[in-house]
$ cat work-v4.txt   # compact mmCIF, N, CA and C atoms and all ligand atoms
# COMPACT_ATOMS: atom_id res chain seq x y z
N MET A 1431 74.26 127.15 16.15
CA MET A 1431 75.43 126.55 15.53
C MET A 1431 76.01 127.49 14.46
N ASP A 1432 77.36 127.53 14.38
CA ASP A 1432 77.92 128.45 13.38
C ASP A 1432 77.87 127.82 11.99
N LYS A 1433 77.94 128.69 10.99
CA LYS A 1433 77.77 128.27 9.59
C LYS A 1433 78.84 127.29 9.15
N LYS A 1434 80.04 127.47 9.68
CA LYS A 1434 81.16 126.61 9.28
C LYS A 1434 80.90 125.16 9.71
N THR A 1435 80.46 125.00 10.94
CA THR A 1435 80.15 123.65 11.46
C THR A 1435 79.00 123.04 10.67
N LEU A 1436 78.01 123.83 10.41
CA LEU A 1436 76.84 123.35 9.67
C LEU A 1436 77.25 122.88 8.27
N LYS A 1437 78.11 123.67 7.64
CA LYS A 1437 78.59 123.33 6.29
C LYS A 1437 79.37 122.01 6.34
N GLU A 1438 80.18 121.86 7.38
CA GLU A 1438 80.99 120.66 7.53
C GLU A 1438 80.09 119.42 7.66
N ILE A 1439 79.02 119.58 8.43
CA ILE A 1439 78.08 118.49 8.63
C ILE A 1439 77.34 118.18 7.33
N GLU A 1440 76.95 119.23 6.63
CA GLU A 1440 76.24 119.05 5.37
C GLU A 1440 77.12 118.28 4.36
N THR A 1441 78.39 118.65 4.30
CA THR A 1441 79.33 117.97 3.40
C THR A 1441 79.44 116.49 3.76
N LYS A 1442 79.54 116.20 5.06
CA LYS A 1442 79.61 114.81 5.53
C LYS A 1442 78.38 114.04 5.09
N LEU A 1443 77.22 114.66 5.27
CA LEU A 1443 75.96 113.99 4.94
C LEU A 1443 75.84 113.74 3.44
N GLU A 1444 76.24 114.72 2.64
CA GLU A 1444 76.19 114.56 1.17
C GLU A 1444 77.08 113.39 0.75
N ALA A 1445 78.25 113.29 1.35
CA ALA A 1445 79.18 112.20 1.03
C ALA A 1445 78.58 110.86 1.44
N GLU A 1446 77.93 110.85 2.60
CA GLU A 1446 77.31 109.62 3.09
C GLU A 1446 76.18 109.18 2.16
N LYS A 1447 75.41 110.16 1.69
CA LYS A 1447 74.29 109.89 0.79
C LYS A 1447 74.80 109.22 -0.49
N VAL A 1448 75.85 109.79 -1.08
CA VAL A 1448 76.43 109.25 -2.31
C VAL A 1448 76.92 107.82 -2.07
N GLN A 1449 77.57 107.63 -0.92
CA GLN A 1449 78.11 106.31 -0.58
C GLN A 1449 76.99 105.27 -0.43
N LEU A 1450 75.95 105.65 0.29
CA LEU A 1450 74.83 104.73 0.52
C LEU A 1450 74.13 104.39 -0.78
N GLU A 1451 73.92 105.40 -1.63
CA GLU A 1451 73.25 105.16 -2.91
C GLU A 1451 74.10 104.25 -3.79
N GLY A 1452 75.42 104.42 -3.71
CA GLY A 1452 76.34 103.57 -4.46
C GLY A 1452 76.27 102.13 -4.00
N GLN A 1453 76.25 101.95 -2.68
CA GLN A 1453 76.16 100.60 -2.11
C GLN A 1453 74.86 99.93 -2.52
N LEU A 1454 73.77 100.68 -2.48
CA LEU A 1454 72.46 100.14 -2.85
C LEU A 1454 72.42 99.79 -4.34
N ALA A 1455 73.01 100.63 -5.17
CA ALA A 1455 72.97 100.43 -6.62
C ALA A 1455 73.66 99.14 -7.02
N ALA A 1456 74.60 98.68 -6.19
CA ALA A 1456 75.35 97.48 -6.51
C ALA A 1456 74.49 96.22 -6.55
N PHE A 1457 73.42 96.19 -5.79
CA PHE A 1457 72.63 94.94 -5.76
C PHE A 1457 71.12 95.16 -5.74
N THR A 1458 70.68 96.39 -5.96
CA THR A 1458 69.24 96.64 -5.97
C THR A 1458 68.82 97.42 -7.20
N HIS A 1459 67.51 97.41 -7.44
CA HIS A 1459 66.92 98.28 -8.45
C HIS A 1459 66.10 99.33 -7.73
N ARG A 1460 66.14 100.55 -8.20
CA ARG A 1460 65.32 101.58 -7.63
C ARG A 1460 63.88 101.40 -8.11
N ASN A 1461 62.95 101.50 -7.20
CA ASN A 1461 61.54 101.43 -7.57
C ASN A 1461 61.21 102.65 -8.45
N PRO A 1462 60.75 102.41 -9.71
CA PRO A 1462 60.50 103.56 -10.60
C PRO A 1462 59.38 104.48 -10.10
N LYS A 1463 58.50 103.94 -9.25
CA LYS A 1463 57.39 104.75 -8.74
C LYS A 1463 57.73 105.48 -7.46
N ASN A 1464 58.78 105.03 -6.79
CA ASN A 1464 59.16 105.67 -5.54
C ASN A 1464 60.68 105.65 -5.44
N LYS A 1465 61.30 106.80 -5.69
CA LYS A 1465 62.75 106.81 -5.80
C LYS A 1465 63.47 106.54 -4.48
N ASP A 1466 62.73 106.53 -3.38
CA ASP A 1466 63.36 106.22 -2.11
C ASP A 1466 63.27 104.74 -1.77
N ASP A 1467 62.64 103.99 -2.66
CA ASP A 1467 62.48 102.57 -2.40
C ASP A 1467 63.39 101.76 -3.31
N PHE A 1468 64.17 100.88 -2.69
CA PHE A 1468 65.08 100.03 -3.46
C PHE A 1468 64.65 98.58 -3.30
N ASN A 1469 64.80 97.80 -4.35
CA ASN A 1469 64.45 96.39 -4.27
C ASN A 1469 65.67 95.53 -4.61
N ALA A 1470 66.01 94.66 -3.68
CA ALA A 1470 67.15 93.78 -3.91
C ALA A 1470 66.86 92.87 -5.09
N GLU A 1471 67.89 92.67 -5.92
CA GLU A 1471 67.72 91.79 -7.07
C GLU A 1471 67.93 90.35 -6.63
N PHE A 1472 67.22 89.45 -7.28
CA PHE A 1472 67.45 88.05 -6.98
C PHE A 1472 68.69 87.60 -7.74
N PRO A 1473 69.71 87.12 -7.03
CA PRO A 1473 70.96 86.78 -7.74
C PRO A 1473 70.81 85.55 -8.63
N GLN A 1474 71.52 85.55 -9.75
CA GLN A 1474 71.51 84.40 -10.65
C GLN A 1474 72.89 83.76 -10.60
N ILE A 1475 72.99 82.68 -9.87
CA ILE A 1475 74.28 82.01 -9.76
C ILE A 1475 74.32 80.79 -10.68
N GLY A 1476 73.24 79.99 -10.65
CA GLY A 1476 73.20 78.80 -11.51
C GLY A 1476 71.96 77.99 -11.22
N ASP A 1477 71.83 76.81 -11.84
CA ASP A 1477 70.61 76.02 -11.70
C ASP A 1477 70.78 74.78 -10.83
N LYS A 1478 72.01 74.52 -10.40
CA LYS A 1478 72.22 73.34 -9.53
C LYS A 1478 71.63 73.61 -8.15
N GLU A 1479 71.40 72.51 -7.43
CA GLU A 1479 70.74 72.63 -6.13
C GLU A 1479 71.52 73.53 -5.17
N ASP A 1480 72.85 73.28 -5.09
CA ASP A 1480 73.64 74.11 -4.17
C ASP A 1480 73.71 75.56 -4.65
N GLU A 1481 73.64 75.74 -5.95
CA GLU A 1481 73.64 77.11 -6.49
C GLU A 1481 72.33 77.82 -6.16
N ASN A 1482 71.24 77.07 -6.25
CA ASN A 1482 69.94 77.65 -5.87
C ASN A 1482 69.94 78.04 -4.40
N ALA A 1483 70.50 77.17 -3.58
CA ALA A 1483 70.57 77.45 -2.14
C ALA A 1483 71.41 78.70 -1.89
N ALA A 1484 72.50 78.82 -2.63
CA ALA A 1484 73.37 79.99 -2.50
C ALA A 1484 72.63 81.26 -2.93
N GLU A 1485 71.81 81.14 -3.97
CA GLU A 1485 71.02 82.29 -4.43
C GLU A 1485 70.08 82.78 -3.35
N VAL A 1486 69.37 81.82 -2.73
CA VAL A 1486 68.41 82.17 -1.68
C VAL A 1486 69.12 82.82 -0.50
N GLU A 1487 70.28 82.26 -0.16
CA GLU A 1487 71.03 82.79 0.96
C GLU A 1487 71.53 84.21 0.68
N THR A 1488 72.06 84.40 -0.52
CA THR A 1488 72.56 85.72 -0.91
C THR A 1488 71.41 86.73 -0.91
N TYR A 1489 70.27 86.29 -1.45
CA TYR A 1489 69.11 87.17 -1.53
C TYR A 1489 68.65 87.60 -0.14
N SER A 1490 68.61 86.65 0.77
CA SER A 1490 68.16 86.96 2.12
C SER A 1490 69.13 87.93 2.83
N THR A 1491 70.43 87.72 2.61
CA THR A 1491 71.43 88.64 3.16
C THR A 1491 71.26 90.03 2.56
N ASN A 1492 71.04 90.06 1.22
CA ASN A 1492 70.86 91.33 0.53
C ASN A 1492 69.62 92.08 1.00
N LEU A 1493 68.56 91.34 1.30
CA LEU A 1493 67.33 91.99 1.78
C LEU A 1493 67.57 92.71 3.09
N THR A 1494 68.30 92.03 3.99
CA THR A 1494 68.61 92.64 5.28
C THR A 1494 69.48 93.88 5.07
N LEU A 1495 70.48 93.73 4.22
CA LEU A 1495 71.38 94.85 3.92
C LEU A 1495 70.62 96.00 3.27
N GLU A 1496 69.70 95.64 2.37
CA GLU A 1496 68.89 96.64 1.67
C GLU A 1496 68.12 97.48 2.69
N ARG A 1497 67.48 96.81 3.66
CA ARG A 1497 66.69 97.53 4.66
C ARG A 1497 67.56 98.43 5.51
N THR A 1498 68.73 97.93 5.90
CA THR A 1498 69.64 98.72 6.73
C THR A 1498 70.10 99.97 5.98
N LEU A 1499 70.53 99.76 4.72
CA LEU A 1499 71.03 100.89 3.92
C LEU A 1499 69.92 101.88 3.60
N GLU A 1500 68.74 101.34 3.31
CA GLU A 1500 67.59 102.19 2.99
C GLU A 1500 67.24 103.10 4.18
N ALA A 1501 67.23 102.50 5.37
CA ALA A 1501 66.90 103.26 6.57
C ALA A 1501 67.96 104.34 6.81
N ALA A 1502 69.21 103.99 6.60
CA ALA A 1502 70.31 104.95 6.80
C ALA A 1502 70.19 106.10 5.80
N LEU A 1503 69.84 105.74 4.55
CA LEU A 1503 69.70 106.75 3.51
C LEU A 1503 68.53 107.70 3.81
N ARG A 1504 67.43 107.13 4.31
CA ARG A 1504 66.28 107.96 4.68
C ARG A 1504 66.66 108.96 5.77
N ASP A 1505 67.41 108.47 6.76
CA ASP A 1505 67.88 109.33 7.85
C ASP A 1505 68.72 110.49 7.32
N VAL A 1506 69.64 110.15 6.42
CA VAL A 1506 70.53 111.17 5.86
C VAL A 1506 69.72 112.20 5.08
N LYS A 1507 68.75 111.74 4.27
CA LYS A 1507 67.95 112.65 3.47
C LYS A 1507 67.10 113.57 4.35
N LYS A 1508 66.49 112.98 5.39
CA LYS A 1508 65.68 113.77 6.31
C LYS A 1508 66.53 114.83 6.99
N THR A 1509 67.76 114.44 7.34
CA THR A 1509 68.65 115.37 8.01
C THR A 1509 69.03 116.52 7.08
N LEU A 1510 69.30 116.19 5.81
CA LEU A 1510 69.63 117.23 4.83
C LEU A 1510 68.44 118.18 4.64
N GLU A 1511 67.23 117.62 4.68
CA GLU A 1511 66.02 118.46 4.58
C GLU A 1511 65.94 119.44 5.76
N ARG A 1512 66.28 118.92 6.95
CA ARG A 1512 66.24 119.79 8.13
C ARG A 1512 67.24 120.93 8.00
N ILE A 1513 68.40 120.64 7.40
CA ILE A 1513 69.40 121.69 7.19
C ILE A 1513 68.83 122.75 6.24
N THR A 1514 68.20 122.29 5.15
CA THR A 1514 67.61 123.21 4.18
C THR A 1514 66.54 124.09 4.82
N LYS A 1515 65.71 123.46 5.65
CA LYS A 1515 64.62 124.19 6.29
C LYS A 1515 65.08 125.06 7.46
N GLY A 1516 66.32 124.83 7.89
CA GLY A 1516 66.85 125.61 9.01
C GLY A 1516 66.40 125.09 10.37
N THR A 1517 65.93 123.84 10.42
CA THR A 1517 65.50 123.28 11.70
C THR A 1517 66.52 122.27 12.23
N TYR A 1518 67.68 122.23 11.59
CA TYR A 1518 68.68 121.26 11.98
C TYR A 1518 69.34 121.63 13.31
N GLY A 1519 69.67 120.58 14.08
CA GLY A 1519 70.44 120.80 15.31
C GLY A 1519 69.59 121.08 16.53
N VAL A 1520 68.26 120.97 16.35
CA VAL A 1520 67.35 121.20 17.48
C VAL A 1520 66.74 119.85 17.87
N CYS A 1521 66.74 119.58 19.17
CA CYS A 1521 66.20 118.31 19.66
C CYS A 1521 64.70 118.22 19.37
N LYS A 1522 64.28 117.08 18.80
CA LYS A 1522 62.87 116.96 18.42
C LYS A 1522 61.96 116.73 19.63
N TYR A 1523 62.58 116.43 20.78
CA TYR A 1523 61.76 116.18 21.97
C TYR A 1523 61.63 117.42 22.85
N CYS A 1524 62.76 118.09 23.13
CA CYS A 1524 62.69 119.20 24.07
C CYS A 1524 62.89 120.56 23.40
N GLY A 1525 63.31 120.55 22.11
CA GLY A 1525 63.46 121.81 21.39
C GLY A 1525 64.74 122.59 21.70
N LYS A 1526 65.61 121.99 22.52
CA LYS A 1526 66.88 122.65 22.81
C LYS A 1526 67.89 122.34 21.72
N GLU A 1527 68.93 123.19 21.63
CA GLU A 1527 69.96 122.93 20.63
C GLU A 1527 70.79 121.71 21.02
N ILE A 1528 71.07 120.87 20.04
CA ILE A 1528 71.90 119.68 20.29
C ILE A 1528 73.37 120.10 20.25
N ASP A 1529 74.14 119.54 21.15
CA ASP A 1529 75.56 119.85 21.23
C ASP A 1529 76.26 119.60 19.89
N ALA A 1530 77.04 120.59 19.42
CA ALA A 1530 77.69 120.51 18.12
C ALA A 1530 78.64 119.32 18.04
N LYS A 1531 79.29 118.99 19.15
CA LYS A 1531 80.22 117.84 19.16
C LYS A 1531 79.47 116.55 18.87
N ARG A 1532 78.29 116.45 19.44
CA ARG A 1532 77.46 115.25 19.21
C ARG A 1532 77.06 115.18 17.74
N LEU A 1533 76.70 116.32 17.18
CA LEU A 1533 76.27 116.36 15.78
C LEU A 1533 77.42 116.05 14.82
N LEU A 1534 78.60 116.50 15.17
CA LEU A 1534 79.75 116.22 14.31
C LEU A 1534 80.07 114.73 14.33
N ALA A 1535 79.89 114.11 15.49
CA ALA A 1535 80.16 112.67 15.61
C ALA A 1535 79.05 111.86 14.96
N ARG A 1536 77.84 112.33 15.08
CA ARG A 1536 76.70 111.60 14.55
C ARG A 1536 75.72 112.59 13.94
N PRO A 1537 75.99 113.00 12.68
CA PRO A 1537 75.23 114.10 12.06
C PRO A 1537 73.72 113.87 11.96
N THR A 1538 73.28 112.61 11.97
CA THR A 1538 71.84 112.38 11.82
C THR A 1538 71.09 112.43 13.15
N SER A 1539 71.78 112.75 14.25
CA SER A 1539 71.11 112.85 15.55
C SER A 1539 69.98 113.86 15.51
N SER A 1540 68.82 113.48 16.02
CA SER A 1540 67.73 114.45 16.07
C SER A 1540 67.25 114.65 17.51
N ALA A 1541 67.98 114.05 18.46
CA ALA A 1541 67.64 114.25 19.87
C ALA A 1541 68.90 114.60 20.65
N CYS A 1542 68.74 115.41 21.70
CA CYS A 1542 69.89 115.77 22.51
C CYS A 1542 70.26 114.61 23.43
N ILE A 1543 71.44 114.68 24.01
CA ILE A 1543 71.92 113.57 24.85
C ILE A 1543 70.97 113.30 26.01
N GLU A 1544 70.47 114.34 26.65
CA GLU A 1544 69.57 114.16 27.81
C GLU A 1544 68.30 113.39 27.42
N CYS A 1545 67.69 113.79 26.30
CA CYS A 1545 66.47 113.11 25.86
C CYS A 1545 66.76 111.68 25.44
N LYS A 1546 67.87 111.50 24.75
CA LYS A 1546 68.26 110.17 24.29
C LYS A 1546 68.42 109.24 25.51
N LYS A 1547 69.10 109.75 26.53
CA LYS A 1547 69.32 108.96 27.75
C LYS A 1547 68.00 108.61 28.40
N ARG A 1548 67.14 109.61 28.50
CA ARG A 1548 65.84 109.42 29.14
C ARG A 1548 65.04 108.35 28.39
N LEU A 1549 65.04 108.42 27.05
CA LEU A 1549 64.27 107.48 26.25
C LEU A 1549 64.83 106.07 26.31
N THR A 1550 66.16 105.98 26.32
CA THR A 1550 66.79 104.66 26.37
C THR A 1550 66.49 103.99 27.70
N GLN A 1551 66.47 104.78 28.76
CA GLN A 1551 66.18 104.22 30.08
C GLN A 1551 64.74 103.74 30.18
N GLU A 1552 63.87 104.49 29.51
CA GLU A 1552 62.45 104.11 29.55
C GLU A 1552 62.19 102.84 28.74
N ALA A 1553 62.92 102.70 27.65
CA ALA A 1553 62.68 101.56 26.75
C ALA A 1553 63.09 100.22 27.37
ZN ZN R 1601 66.16 117.07 24.13

$ encode --input "work-v4.txt" --output "structure tokens" --more "lines below"
Ligand SMILES: [Zn+2]
Amino acid sequence: MDKKTLKEIETKLEAEKVQLEGQLAAFTHRNPKNKDDFNAEFPQIGDKEDENAAEVETYSTNLTLERTLEAALRDVKKTLERITKGTYGVCKYCGKEIDAKRLLARPTSSACIECKKRLTQEA
């Protein structure tokens, strides 16, 4: 892959990382012992019964969102590490280079289209 494309992908990933961290910061606390772990805050709406129910509902929605965002952030960070190490853009299954168009569309891809297809069919 040429340096220009790689740089473009890196910029996209950095922007995505900032965005994900921002989204997480809105309703979670970062675990002080593990900076990659976020904990959803329990919302404080009020003490009435319906307010308590709303708190539980919001919390449960936030937990799901927290896991989704956390997983996405981990993917982005791992991908940035691969760029730093120079192992980015290589399929983790067959070791072939992943098509640049695929990477531009989905920068966190770590498998080539052929392997992805094969795995999806097996699953
Ligand atoms: Zn492959």

$ residues_near_ligand --input "work-v4.txt" --ligand "ligand ZN 1601 (chain R)" --cutoff "8 Å" --atoms "only N, CA and C atoms and all ligand atoms" --output "ChimeraX atom specification"
/A:1520-1528,1540-1546

$ select_by_dssp --input "work-v4.txt" --residues "chain A" --states "strand (DSSP E)" --output "MDAnalysis selection string"
chainID A and resid 1458:1460 1468:1470

$ write_last_selection --input "work-v4.txt" --atoms "N, CA and C atoms" --output "compact mmCIF listing (two decimals), in the coordinates of the input"
# COMPACT_ATOMS: atom_id res chain seq x y z
N THR A 1458 70.68 96.39 -5.96
CA THR A 1458 69.24 96.64 -5.97
C THR A 1458 68.82 97.42 -7.20
N HIS A 1459 67.51 97.41 -7.44
CA HIS A 1459 66.92 98.28 -8.45
C HIS A 1459 66.10 99.33 -7.73
N ARG A 1460 66.14 100.55 -8.20
CA ARG A 1460 65.32 101.58 -7.63
C ARG A 1460 63.88 101.40 -8.11
N PHE A 1468 64.17 100.88 -2.69
CA PHE A 1468 65.08 100.03 -3.46
C PHE A 1468 64.65 98.58 -3.30
N ASN A 1469 64.80 97.80 -4.35
CA ASN A 1469 64.45 96.39 -4.27
C ASN A 1469 65.67 95.53 -4.61
N ALA A 1470 66.01 94.66 -3.68
CA ALA A 1470 67.15 93.78 -3.91
C ALA A 1470 66.86 92.87 -5.09

$ atom_distance --input "work-v4.txt" --atom1 "atom CA of Arg1504 of chain A" --atom2 "atom CA of Arg1548 of chain A"
24.5 Å

$ atom_distance --input "work-v4.txt" --atom1 "atom C of Phe1457 of chain A" --atom2 "atom N of Asn1469 of chain A"
7.0 Å

$ atom_distance --input "work-v4.txt" --atom1 "atom C of Thr1550 of chain A" --atom2 "atom C of Thr1509 of chain A"
24.3 Å

$ closest_residue --input "work-v4.txt" --among "A:Gly1516, A:Ala1470, A:Lys1478, A:Glu1451" --to "Arg1497 of chain A" --atoms "only C-alpha atoms"
A:Ala1470

$ residues_around --input "work-v4.txt" --residues "Ile1475 of chain A" --least-positions-apart "4" --cutoff "9 Å" --atoms "only C-alpha atoms" --output "PyMOL selection string"
chain A and resi 1481-1482+1484-1485

$ closest_residue --input "work-v4.txt" --among "A:Asp1467, A:Ala1535, A:Phe1472, A:Leu1443" --to "Glu1500 of chain A" --atoms "all atoms listed in the file"
A:Asp1467

$ closest_residue --input "work-v4.txt" --among "A:Gly1519, A:Glu1487, A:Leu1499, A:Ala1455" --to "Lys1531 of chain A" --atoms "only C-alpha atoms"
A:Gly1519

$ closest_residue --input "work-v4.txt" --among "A:Asp1529, A:Ala1502, A:Lys1463, A:Gln1551" --to "Leu1450 of chain A" --atoms "all atoms listed in the file"
A:Ala1502

$ closest_residue --input "work-v4.txt" --among "A:Arg1532, A:Leu1510, A:Tyr1518, A:Glu1496" --to "Glu1444 of chain A" --atoms "only N, CA and C atoms"
A:Leu1510

$ closest_residue --input "work-v4.txt" --among "A:Asp1477, A:Glu1471, A:Asp1505, A:Glu1438" --to "Ser1539 of chain A" --atoms "only N, CA and C atoms"
A:Asp1505
